[in-house]
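Reviewing the structure listed below.
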Amino acid sequence: MKIATLQQLEARLNEPLPVQERVRLLNEICDQLYERDPARGTLLAREAVDLARATADVPGEAQALYCLGRNLHSQSEYPTVFETQGAALALFRSLGDAGGEARCCNLLGITHRQLSEYGRALEMYEAALKGFRQTADLKWQARVLSNIGNVEIQLGNHSAALELFEQALELRREIGDSEGAGFDLNNSAFGHIQRSLQLRSAGDAASCQLEAETALKLLDRALAIARQYGYKRLEAVCLETMGEAYLAMSRPEVALGMADEFLALARESSDKWVEAYGLASVGEIRLQLGQHEDGVALLRDALATFESLGSRDEVARVLRVLSQGHEAMENVAEALACLKRAGDIEQRLKSEETERRARSLSARRRVEQADLEAERYRRLAMEDALTGLANRRQLDERLAAMMHEAAARGGVVTVAIADVDHFKGINDRFSHAVGDEVLRSVGEILRAHCRLGDLAGRYGGEEFVLIFRGLDMRSAAEACERVRRGVEAWDWPSIHPQLRVTLSMGLATSASFDHPQGLLDAADHWLYEAKHHGRNQVQPLVVAPA
């Protein structure tokens, strides 16, 4: 079943529908509109709330209130976000819907963070993370971990933030969430940029440069994901962060083009906070380029918006940059006034710092403890103990999910079954310890050839499986041929002087199969053909070996 597009969903609004189905449809549309047209999303969400209340549809009302808050947040209507999410949270609790509660808590956390209320944000994120772990929702767990990381950056805990982004990224890889992985890579890059700025302030230019270069490498990976899958919002965010990296490297002329592009996209949205951030970025770069009047004008616009939204930390940051602009224009009195206002705000924020840091440390300890426990159980249940790859249980579950997703999106999944040639002879001739090392090494080679979203696993004995997301037969065969050559060229004599290992592989694509077993049976058939025709080859022979 294909996922309905926004256009298809909106077309159904003109059909005669039962009220409860109309509420469900409105909620589904609103969930897609919050980043595209939040003003319309708000109107439709209010309609859904009214219809649900009139028909005593409590689940529909709870979801409608959540969707309403999400669309209001995209328009920076923060007081109303708190109001709607408080009501939604109460309804989800009455229904025993842990996932719904967690979504509300996450949105409340994001809103508190925008208002520089980091302690409250962390409380909400902790509650959200607990709920998503209860429902085993890995995608939302990754989102919340990333959100906690963003708070840690604001608190100056850059190492802790980077650890959290890596945890989130690992979950994204596990479920094949490419877009989410791109945002986590961008967030990691931002963490390195903040560390770079700290090092520059301390006079360590060399380390500052290295941190900024690390950020750019991460952003290259994130941009590749954005462009591969057409994620325009992710591309815009990456360009903005890339501009900040070049600004940290004192290359404002490169940063300006990226910041201008981000600002143009931000102005098309209804998110006042994002637009103000873009204005401040472009303003700061123009100051560095000596365009003082233009820079000051942009910074004043950004300041006014941040003040109206109550984003105190951003107000203080913009005031400090604005003071530099006034100083460059010899407006000494205004420069000093900006510095004084920034200092006053920072002092008020510092008065909350002890509580915030205590909350942050407590949250981090709980997150780390829960992650360690969850990771231990996950590995026991879903990983092969010898190779560290996915075990058969995880392979079966993920293959079914990936085939379902591919069918919904009109894509394909291609599966390769690989078998170590003459493995029994390796065990008999060289010992089972050598055989185990061979399996570990083959697993390492397979893992190295996986893209983000692909999956490598040990199916049992000397048999391995590779699942390629979105690759047709030719592209998957090329990847398998690289794996085969990698195994053949591995330094096997380092394990035993007389050891030589090769791999046979059989391929099949989901284009002709509705169920995982049929796909695996077809790949197994081609593996048999590879063995029958002399081993150390990939079948069917879609590409010729080099």
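Every chain in the structure tokens has a letter given in the order shown (A, B, ...), and although residue numbers restart at 1 in each chain, ligands are simply numbered from 1 in the order shown.
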Original post:
Excluding same-chain residues fewer than 5 positions from Asp384 (chain A), what lies within 8 Å of it counting only C-alpha atoms, as number ranges by chain?
Top reply: A: 379, 389-391, 457-458
Take the residues from that selection and put them in a file with C-alpha atoms, as a PDB file, in the first residue's frame.
```
ATOM      1  CA  ARG A 379      22.851  -6.518  21.322  1.00  0.00           C
ATOM      2  CA  LEU A 389      26.568  -8.037  12.700  1.00  0.00           C
ATOM      3  CA  ALA A 390      22.791  -8.360  12.734  1.00  0.00           C
ATOM      4  CA  ASN A 391      21.639 -11.853  13.652  1.00  0.00           C
ATOM      5  CA  GLY A 457      24.118  -9.774   9.006  1.00  0.00           C
ATOM      6  CA  ARG A 458      25.150 -13.326   9.711  1.00  0.00           C
TER       7      ARG A 458
END
```
Pull the helix (DSSP H, G or I) assignments for region 331-533 of chain A out of DSSP run on the backbone, and list those residues as a tab-separated table (two decimals) with N, CA and C atoms, in the first residue's frame.
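In the end it all went to selection10.tsv:
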```tsv
chain	number	residue	atom	x	y	z
A	332	VAL	N	29.97	54.82	19.76
A	332	VAL	CA	30.47	54.25	21.01
A	332	VAL	C	29.37	54.09	22.05
A	333	ALA	N	28.51	55.07	22.17
A	333	ALA	CA	27.45	55.01	23.18
A	333	ALA	C	26.53	53.82	22.92
A	334	GLU	N	26.15	53.62	21.64
A	334	GLU	CA	25.25	52.50	21.32
A	334	GLU	C	25.97	51.17	21.52
A	335	ALA	N	27.25	51.11	21.20
A	335	ALA	CA	28.02	49.87	21.40
A	335	ALA	C	28.03	49.50	22.88
A	336	LEU	N	28.27	50.49	23.74
A	336	LEU	CA	28.29	50.22	25.17
A	336	LEU	C	26.92	49.83	25.70
A	337	ALA	N	25.88	50.47	25.17
A	337	ALA	CA	24.51	50.14	25.61
A	337	ALA	C	24.17	48.69	25.26
A	338	CYS	N	24.58	48.25	24.07
A	338	CYS	CA	24.34	46.86	23.67
A	338	CYS	C	25.07	45.89	24.58
A	339	LEU	N	26.33	46.21	24.89
A	339	LEU	CA	27.11	45.34	25.77
A	339	LEU	C	26.48	45.26	27.17
A	340	LYS	N	26.00	46.41	27.66
A	340	LYS	CA	25.38	46.42	29.00
A	340	LYS	C	24.13	45.55	29.01
A	341	ARG	N	23.28	45.71	27.99
A	341	ARG	CA	22.05	44.91	27.92
A	341	ARG	C	22.38	43.42	27.83
A	342	ALA	N	23.39	43.09	27.00
A	342	ALA	CA	23.79	41.69	26.86
A	342	ALA	C	24.28	41.14	28.20
A	343	GLY	N	25.07	41.94	28.90
A	343	GLY	CA	25.59	41.52	30.20
A	343	GLY	C	24.49	41.28	31.21
A	344	ASP	N	23.49	42.17	31.22
A	344	ASP	CA	22.38	42.02	32.16
A	344	ASP	C	21.61	40.72	31.90
A	345	ILE	N	21.35	40.44	30.62
A	345	ILE	CA	20.63	39.21	30.26
A	345	ILE	C	21.44	37.99	30.65
A	346	GLU	N	22.73	38.02	30.34
A	346	GLU	CA	23.60	36.88	30.65
A	346	GLU	C	23.70	36.66	32.15
A	347	GLN	N	23.67	37.75	32.92
A	347	GLN	CA	23.72	37.61	34.38
A	347	GLN	C	22.46	36.92	34.90
A	348	ARG	N	21.31	37.30	34.32
A	348	ARG	CA	20.06	36.65	34.74
A	348	ARG	C	20.07	35.17	34.37
A	349	LEU	N	20.61	34.88	33.18
A	349	LEU	CA	20.70	33.47	32.78
A	349	LEU	C	21.66	32.70	33.67
A	350	LYS	N	22.76	33.36	34.06
A	350	LYS	CA	23.74	32.70	34.93
A	350	LYS	C	23.16	32.40	36.30
A	351	SER	N	22.22	33.23	36.75
A	351	SER	CA	21.61	32.98	38.05
A	351	SER	C	20.84	31.66	38.04
A	353	GLU	N	22.02	29.16	36.19
A	353	GLU	CA	22.97	28.20	35.63
A	353	GLU	C	23.18	26.99	36.54
A	354	THR	N	23.26	27.21	37.86
A	354	THR	CA	23.50	26.07	38.77
A	354	THR	C	22.40	25.04	38.63
A	355	GLU	N	21.16	25.52	38.65
A	355	GLU	CA	20.04	24.59	38.49
A	355	GLU	C	20.08	23.90	37.14
A	356	ARG	N	20.37	24.69	36.09
A	356	ARG	CA	20.39	24.12	34.74
A	356	ARG	C	21.46	23.04	34.61
A	357	ARG	N	22.64	23.35	35.14
A	357	ARG	CA	23.72	22.38	35.02
A	357	ARG	C	23.43	21.12	35.84
A	358	ALA	N	22.82	21.30	37.01
A	358	ALA	CA	22.45	20.13	37.82
A	358	ALA	C	21.45	19.27	37.06
A	359	ARG	N	20.45	19.92	36.46
A	359	ARG	CA	19.47	19.18	35.67
A	359	ARG	C	20.14	18.48	34.50
A	360	SER	N	21.07	19.20	33.85
A	360	SER	CA	21.75	18.64	32.69
A	360	SER	C	22.56	17.41	33.06
A	361	LEU	N	23.32	17.52	34.15
A	361	LEU	CA	24.15	16.38	34.58
A	361	LEU	C	23.27	15.20	34.98
A	362	SER	N	22.18	15.49	35.66
A	362	SER	CA	21.26	14.43	36.07
A	362	SER	C	20.65	13.76	34.85
A	363	ALA	N	20.23	14.59	33.90
A	363	ALA	CA	19.63	14.03	32.68
A	363	ALA	C	20.63	13.18	31.94
A	364	ARG	N	21.87	13.67	31.84
A	364	ARG	CA	22.88	12.91	31.10
A	364	ARG	C	23.18	11.57	31.76
A	365	ARG	N	23.25	11.58	33.10
A	365	ARG	CA	23.51	10.33	33.79
A	365	ARG	C	22.39	9.32	33.52
A	366	ARG	N	21.14	9.80	33.58
A	366	ARG	CA	20.03	8.88	33.35
A	366	ARG	C	20.01	8.40	31.91
A	367	VAL	N	20.30	9.31	30.98
A	367	VAL	CA	20.34	8.91	29.56
A	367	VAL	C	21.42	7.87	29.33
A	368	GLU	N	22.61	8.12	29.88
A	368	GLU	CA	23.71	7.18	29.67
A	368	GLU	C	23.42	5.82	30.30
A	369	GLN	N	22.86	5.85	31.52
A	369	GLN	CA	22.56	4.59	32.19
A	369	GLN	C	21.51	3.81	31.40
A	370	ALA	N	20.47	4.51	30.98
A	370	ALA	CA	19.42	3.83	30.21
A	370	ALA	C	19.95	3.33	28.88
A	371	ASP	N	20.83	4.11	28.25
A	371	ASP	CA	21.39	3.70	26.96
A	371	ASP	C	22.25	2.45	27.10
A	372	LEU	N	23.06	2.42	28.17
A	372	LEU	CA	23.92	1.25	28.38
A	372	LEU	C	23.08	0.00	28.58
A	373	GLU	N	22.03	0.13	29.37
A	373	GLU	CA	21.17	-1.03	29.62
A	373	GLU	C	20.44	-1.44	28.36
A	374	ALA	N	19.88	-0.44	27.66
A	374	ALA	CA	19.15	-0.75	26.43
A	374	ALA	C	20.07	-1.36	25.38
A	375	GLU	N	21.28	-0.81	25.28
A	375	GLU	CA	22.23	-1.32	24.29
A	375	GLU	C	22.63	-2.76	24.60
A	376	ARG	N	22.82	-3.07	25.88
A	376	ARG	CA	23.21	-4.43	26.25
A	376	ARG	C	22.13	-5.43	25.84
A	377	TYR	N	20.88	-5.11	26.16
A	377	TYR	CA	19.80	-6.02	25.82
A	377	TYR	C	19.57	-6.09	24.31
A	378	ARG	N	19.73	-4.94	23.64
A	378	ARG	CA	19.54	-4.93	22.18
A	378	ARG	C	20.56	-5.81	21.49
A	379	ARG	N	21.81	-5.71	21.95
A	379	ARG	CA	22.85	-6.52	21.32
A	379	ARG	C	22.62	-8.01	21.57
A	380	LEU	N	22.22	-8.36	22.79
A	380	LEU	CA	21.96	-9.76	23.09
A	380	LEU	C	20.84	-10.30	22.19
A	381	ALA	N	19.83	-9.48	21.97
A	381	ALA	CA	18.66	-9.95	21.25
A	381	ALA	C	18.82	-9.88	19.74
A	382	MET	N	19.61	-8.92	19.23
A	382	MET	CA	19.58	-8.62	17.80
A	382	MET	C	20.92	-8.73	17.09
A	392	ARG	N	20.06	-13.45	12.74
A	392	ARG	CA	18.97	-13.85	11.84
A	392	ARG	C	17.64	-13.19	12.23
A	393	ARG	N	17.40	-13.06	13.54
A	393	ARG	CA	16.17	-12.43	13.98
A	393	ARG	C	16.07	-11.00	13.47
A	394	GLN	N	17.16	-10.24	13.64
A	394	GLN	CA	17.12	-8.85	13.18
A	394	GLN	C	17.02	-8.77	11.66
A	395	LEU	N	17.73	-9.66	10.96
A	395	LEU	CA	17.66	-9.67	9.49
A	395	LEU	C	16.23	-9.91	9.02
A	396	ASP	N	15.57	-10.90	9.62
A	396	ASP	CA	14.20	-11.21	9.20
A	396	ASP	C	13.26	-10.03	9.46
A	397	GLU	N	13.38	-9.41	10.64
A	397	GLU	CA	12.51	-8.29	10.98
A	397	GLU	C	12.77	-7.09	10.09
A	398	ARG	N	14.05	-6.77	9.89
A	398	ARG	CA	14.39	-5.58	9.10
A	398	ARG	C	14.06	-5.78	7.62
A	399	LEU	N	14.27	-6.99	7.10
A	399	LEU	CA	13.97	-7.23	5.69
A	399	LEU	C	12.48	-7.04	5.44
A	400	ALA	N	11.63	-7.57	6.33
A	400	ALA	CA	10.19	-7.40	6.17
A	400	ALA	C	9.82	-5.92	6.20
A	401	ALA	N	10.40	-5.18	7.13
A	401	ALA	CA	10.10	-3.74	7.24
A	401	ALA	C	10.60	-2.97	6.02
A	402	MET	N	11.80	-3.30	5.55
A	402	MET	CA	12.37	-2.59	4.39
A	402	MET	C	11.59	-2.89	3.12
A	403	MET	N	11.11	-4.14	2.97
A	403	MET	CA	10.30	-4.47	1.79
A	403	MET	C	8.97	-3.73	1.83
A	404	HIS	N	8.38	-3.64	3.03
A	404	HIS	CA	7.11	-2.91	3.16
A	404	HIS	C	7.31	-1.43	2.79
A	405	GLU	N	8.38	-0.84	3.30
A	405	GLU	CA	8.66	0.56	3.01
A	405	GLU	C	8.92	0.77	1.52
A	406	ALA	N	9.70	-0.14	0.91
A	406	ALA	CA	10.00	-0.02	-0.51
A	406	ALA	C	8.73	-0.11	-1.35
A	407	ALA	N	7.83	-1.03	-0.99
A	407	ALA	CA	6.58	-1.17	-1.73
A	407	ALA	C	5.73	0.09	-1.61
A	408	ALA	N	5.73	0.68	-0.40
A	408	ALA	CA	4.93	1.90	-0.18
A	408	ALA	C	5.46	3.07	-0.98
A	409	ARG	N	6.77	3.12	-1.17
A	409	ARG	CA	7.39	4.26	-1.86
A	409	ARG	C	7.68	3.97	-3.33
A	423	PHE	N	34.24	-23.59	3.66
A	423	PHE	CA	34.48	-23.21	5.05
A	423	PHE	C	34.74	-24.41	5.95
A	424	LYS	N	34.05	-25.53	5.69
A	424	LYS	CA	34.30	-26.73	6.50
A	424	LYS	C	35.76	-27.15	6.40
A	425	GLY	N	36.33	-27.02	5.19
A	425	GLY	CA	37.73	-27.36	5.00
A	425	GLY	C	38.65	-26.44	5.78
A	426	ILE	N	38.27	-25.16	5.90
A	426	ILE	CA	39.07	-24.21	6.69
A	426	ILE	C	39.09	-24.64	8.15
A	427	ASN	N	37.91	-24.99	8.68
A	427	ASN	CA	37.85	-25.45	10.07
A	427	ASN	C	38.66	-26.73	10.28
A	428	ASP	N	38.49	-27.68	9.34
A	428	ASP	CA	39.17	-28.97	9.49
A	428	ASP	C	40.68	-28.84	9.36
A	429	ARG	N	41.11	-27.98	8.44
A	429	ARG	CA	42.54	-27.89	8.15
A	429	ARG	C	43.28	-26.98	9.12
A	430	PHE	N	42.64	-25.85	9.49
A	430	PHE	CA	43.36	-24.83	10.26
A	430	PHE	C	42.88	-24.69	11.70
A	432	HIS	N	39.08	-24.51	14.40
A	432	HIS	CA	37.86	-23.70	14.53
A	432	HIS	C	38.18	-22.28	14.97
A	433	ALA	N	39.28	-22.07	15.68
A	433	ALA	CA	39.67	-20.71	16.07
A	433	ALA	C	39.98	-19.87	14.84
A	434	VAL	N	40.69	-20.48	13.86
A	434	VAL	CA	40.96	-19.79	12.60
A	434	VAL	C	39.65	-19.53	11.86
A	435	GLY	N	38.77	-20.54	11.87
A	435	GLY	CA	37.47	-20.36	11.21
A	435	GLY	C	36.69	-19.20	11.79
A	436	ASP	N	36.71	-19.07	13.13
A	436	ASP	CA	36.02	-17.94	13.76
A	436	ASP	C	36.62	-16.61	13.34
A	437	GLU	N	37.95	-16.56	13.24
A	437	GLU	CA	38.60	-15.32	12.82
A	437	GLU	C	38.25	-14.98	11.38
A	438	VAL	N	38.11	-16.01	10.54
A	438	VAL	CA	37.68	-15.79	9.15
A	438	VAL	C	36.29	-15.16	9.13
A	439	LEU	N	35.38	-15.70	9.92
A	439	LEU	CA	34.02	-15.15	9.96
A	439	LEU	C	34.00	-13.72	10.47
A	440	ARG	N	34.81	-13.42	11.49
A	440	ARG	CA	34.88	-12.05	12.00
A	440	ARG	C	35.41	-11.11	10.91
A	441	SER	N	36.42	-11.54	10.18
A	441	SER	CA	37.01	-10.68	9.14
A	441	SER	C	36.04	-10.46	7.99
A	442	VAL	N	35.33	-11.52	7.58
A	442	VAL	CA	34.33	-11.36	6.52
A	442	VAL	C	33.25	-10.39	6.98
A	443	GLY	N	32.84	-10.50	8.24
A	443	GLY	CA	31.86	-9.56	8.77
A	443	GLY	C	32.34	-8.12	8.72
A	444	GLU	N	33.62	-7.92	9.01
A	444	GLU	CA	34.20	-6.57	8.96
A	444	GLU	C	34.18	-6.02	7.54
A	445	ILE	N	34.49	-6.88	6.56
A	445	ILE	CA	34.48	-6.45	5.15
A	445	ILE	C	33.07	-6.09	4.72
A	446	LEU	N	32.09	-6.91	5.09
A	446	LEU	CA	30.70	-6.64	4.72
A	446	LEU	C	30.24	-5.31	5.33
A	447	ARG	N	30.55	-5.09	6.60
A	447	ARG	CA	30.14	-3.85	7.27
A	447	ARG	C	30.74	-2.62	6.57
A	448	ALA	N	31.99	-2.75	6.14
A	448	ALA	CA	32.68	-1.63	5.50
A	448	ALA	C	32.05	-1.25	4.17
A	473	MET	N	19.37	-4.23	-9.30
A	473	MET	CA	20.25	-5.40	-9.39
A	473	MET	C	21.66	-5.02	-9.85
A	474	ARG	N	21.75	-4.14	-10.83
A	474	ARG	CA	23.07	-3.81	-11.36
A	474	ARG	C	23.93	-3.11	-10.30
A	475	SER	N	23.35	-2.13	-9.61
A	475	SER	CA	24.11	-1.40	-8.60
A	475	SER	C	24.48	-2.31	-7.44
A	476	ALA	N	23.54	-3.18	-7.02
A	476	ALA	CA	23.83	-4.10	-5.93
A	476	ALA	C	24.90	-5.11	-6.35
A	477	ALA	N	24.84	-5.56	-7.61
A	477	ALA	CA	25.84	-6.51	-8.10
A	477	ALA	C	27.23	-5.87	-8.11
A	478	GLU	N	27.29	-4.59	-8.45
A	478	GLU	CA	28.58	-3.89	-8.42
A	478	GLU	C	29.12	-3.83	-7.00
A	479	ALA	N	28.21	-3.55	-6.03
A	479	ALA	CA	28.63	-3.51	-4.62
A	479	ALA	C	29.11	-4.88	-4.16
A	480	CYS	N	28.39	-5.93	-4.58
A	480	CYS	CA	28.77	-7.29	-4.18
A	480	CYS	C	30.10	-7.70	-4.82
A	481	GLU	N	30.32	-7.26	-6.03
A	481	GLU	CA	31.60	-7.58	-6.68
A	481	GLU	C	32.75	-6.92	-5.94
A	482	ARG	N	32.52	-5.71	-5.38
A	482	ARG	CA	33.55	-5.06	-4.58
A	482	ARG	C	33.79	-5.85	-3.29
A	483	VAL	N	32.70	-6.36	-2.70
A	483	VAL	CA	32.84	-7.19	-1.50
A	483	VAL	C	33.64	-8.45	-1.82
A	484	ARG	N	33.27	-9.11	-2.92
A	484	ARG	CA	33.96	-10.36	-3.30
A	484	ARG	C	35.45	-10.11	-3.48
A	485	ARG	N	35.80	-9.02	-4.19
A	485	ARG	CA	37.21	-8.71	-4.40
A	485	ARG	C	37.89	-8.37	-3.08
A	486	GLY	N	37.14	-7.67	-2.19
A	486	GLY	CA	37.70	-7.32	-0.88
A	486	GLY	C	38.04	-8.55	-0.06
A	487	VAL	N	37.19	-9.56	-0.10
A	487	VAL	CA	37.46	-10.81	0.62
A	487	VAL	C	38.65	-11.52	0.00
A	488	GLU	N	38.68	-11.58	-1.32
A	488	GLU	CA	39.77	-12.29	-2.02
A	488	GLU	C	41.13	-11.64	-1.73
A	489	ALA	N	41.13	-10.30	-1.60
A	489	ALA	CA	42.40	-9.58	-1.44
A	489	ALA	C	42.78	-9.36	0.03
A	492	TRP	N	44.79	-12.62	4.47
A	492	TRP	CA	44.52	-13.88	5.17
A	492	TRP	C	45.79	-14.54	5.72
A	493	PRO	N	46.96	-14.44	5.05
A	493	PRO	CA	48.17	-15.04	5.63
A	493	PRO	C	48.53	-14.50	7.02
A	494	SER	N	48.01	-13.30	7.36
A	494	SER	CA	48.28	-12.78	8.70
A	494	SER	C	47.59	-13.63	9.77
A	510	SER	N	13.56	-7.27	-4.82
A	510	SER	CA	12.17	-7.37	-4.36
A	510	SER	C	11.17	-7.01	-5.44
A	511	ALA	N	11.63	-6.54	-6.61
A	511	ALA	CA	10.70	-6.12	-7.66
A	511	ALA	C	9.73	-7.23	-8.04
A	512	SER	N	10.14	-8.49	-7.89
A	512	SER	CA	9.30	-9.63	-8.31
A	512	SER	C	8.71	-10.39	-7.13
A	516	PRO	N	9.29	-11.67	2.10
A	516	PRO	CA	10.73	-11.85	2.31
A	516	PRO	C	11.24	-13.24	1.98
A	517	GLN	N	10.46	-14.29	2.31
A	517	GLN	CA	10.96	-15.64	2.08
A	517	GLN	C	11.18	-15.92	0.60
A	518	GLY	N	10.27	-15.42	-0.23
A	518	GLY	CA	10.45	-15.60	-1.67
A	518	GLY	C	11.71	-14.92	-2.16
A	519	LEU	N	11.99	-13.73	-1.65
A	519	LEU	CA	13.19	-12.99	-2.03
A	519	LEU	C	14.44	-13.73	-1.58
A	520	LEU	N	14.43	-14.25	-0.35
A	520	LEU	CA	15.59	-14.99	0.16
A	520	LEU	C	15.79	-16.29	-0.61
A	521	ASP	N	14.68	-16.97	-0.95
A	521	ASP	CA	14.80	-18.21	-1.71
A	521	ASP	C	15.43	-17.95	-3.08
A	522	ALA	N	15.05	-16.83	-3.70
A	522	ALA	CA	15.62	-16.51	-5.01
A	522	ALA	C	17.11	-16.21	-4.90
A	523	ALA	N	17.51	-15.45	-3.86
A	523	ALA	CA	18.93	-15.17	-3.66
A	523	ALA	C	19.70	-16.45	-3.38
A	524	ASP	N	19.07	-17.35	-2.61
A	524	ASP	CA	19.71	-18.64	-2.31
A	524	ASP	C	19.89	-19.47	-3.57
A	525	HIS	N	18.91	-19.41	-4.48
A	525	HIS	CA	19.05	-20.11	-5.76
A	525	HIS	C	20.27	-19.62	-6.53
A	526	TRP	N	20.44	-18.30	-6.57
A	526	TRP	CA	21.59	-17.76	-7.31
A	526	TRP	C	22.90	-18.02	-6.58
A	527	LEU	N	22.86	-18.15	-5.25
A	527	LEU	CA	24.05	-18.57	-4.52
A	527	LEU	C	24.45	-19.98	-4.93
A	528	TYR	N	23.46	-20.86	-5.07
A	528	TYR	CA	23.74	-22.23	-5.53
A	528	TYR	C	24.38	-22.20	-6.92
A	529	GLU	N	23.86	-21.32	-7.79
A	529	GLU	CA	24.44	-21.21	-9.14
A	529	GLU	C	25.88	-20.74	-9.08
A	530	ALA	N	26.18	-19.80	-8.17
A	530	ALA	CA	27.57	-19.32	-8.03
A	530	ALA	C	28.48	-20.46	-7.57
A	531	LYS	N	27.99	-21.29	-6.65
A	531	LYS	CA	28.77	-22.44	-6.19
A	531	LYS	C	28.96	-23.45	-7.33
A	532	HIS	N	27.88	-23.69	-8.05
A	532	HIS	CA	27.88	-24.69	-9.12
A	532	HIS	C	28.83	-24.30	-10.26
```
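Within 6 Å of region 23-27 of chain A there are Gln20, Glu21, Ile29, Cys30, Ala48 and Ala64 of chain A, counting only C-alpha atoms and ignoring same-chain residues fewer than 2 positions away.
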Subject >> Within 6 Å of region 81-85 of chain A using only C-alpha atoms, minus same-chain residues under 3 positions, as a list in words >> reply: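 Residues meeting the cut-off are Leu65, Gly69, Tyr78, Ala88, Leu89 and Cys104 of chain A.
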Prev. selection, N, CA and C atoms, output as a short mmCIF file (atom, residue, chain, number, x, y, z; two decimals), in the first residue's frame:
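Saved result, selection-v3.cif, follows:
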```cif
data_model
loop_
_atom_site.label_atom_id
_atom_site.label_comp_id
_atom_site.auth_asym_id
_atom_site.auth_seq_id
_atom_site.Cartn_x
_atom_site.Cartn_y
_atom_site.Cartn_z
N LEU A 65 -5.06 18.21 18.91
CA LEU A 65 -4.41 19.23 19.74
C LEU A 65 -2.89 19.18 19.59
N GLY A 69 -0.61 22.21 18.06
CA GLY A 69 0.58 22.76 18.70
C GLY A 69 1.78 22.74 17.79
N TYR A 78 4.44 30.55 20.76
CA TYR A 78 4.84 29.69 21.87
C TYR A 78 3.82 29.63 23.01
N ALA A 88 -3.53 18.41 25.35
CA ALA A 88 -3.29 17.14 24.64
C ALA A 88 -2.67 16.11 25.57
N LEU A 89 -1.73 16.57 26.39
CA LEU A 89 -1.04 15.68 27.32
C LEU A 89 -2.03 15.03 28.29
N CYS A 104 3.99 14.92 22.86
CA CYS A 104 3.68 16.23 23.47
C CYS A 104 4.86 16.72 24.30
#
```
**OP:** With a distance cut-off of 6 Å and only C-alpha atoms, select the neighbouring residues of His192 (chain A), excluding the residue or stretch itself and same-chain residues fewer than 2 positions from it, and output the selection as a ChimeraX atom specification.
**Re:** /A:189-190,194-195,211,215
Preceding selection exported with C-alpha atoms as a JSON list (two decimals), in the first residue's frame:
```
[["chain", "number", "residue", "atom", "x", "y", "z"],
["A", 189, "ALA", "CA", 28.94, 19.61, 12.92],
["A", 190, "PHE", "CA", 27.39, 22.50, 14.85],
["A", 194, "GLN", "CA", 30.99, 25.76, 18.84],
["A", 195, "ARG", "CA", 34.11, 24.01, 20.12],
["A", 211, "GLU", "CA", 37.46, 21.45, 14.61],
["A", 215, "ALA", "CA", 32.51, 20.03, 10.96]]
```
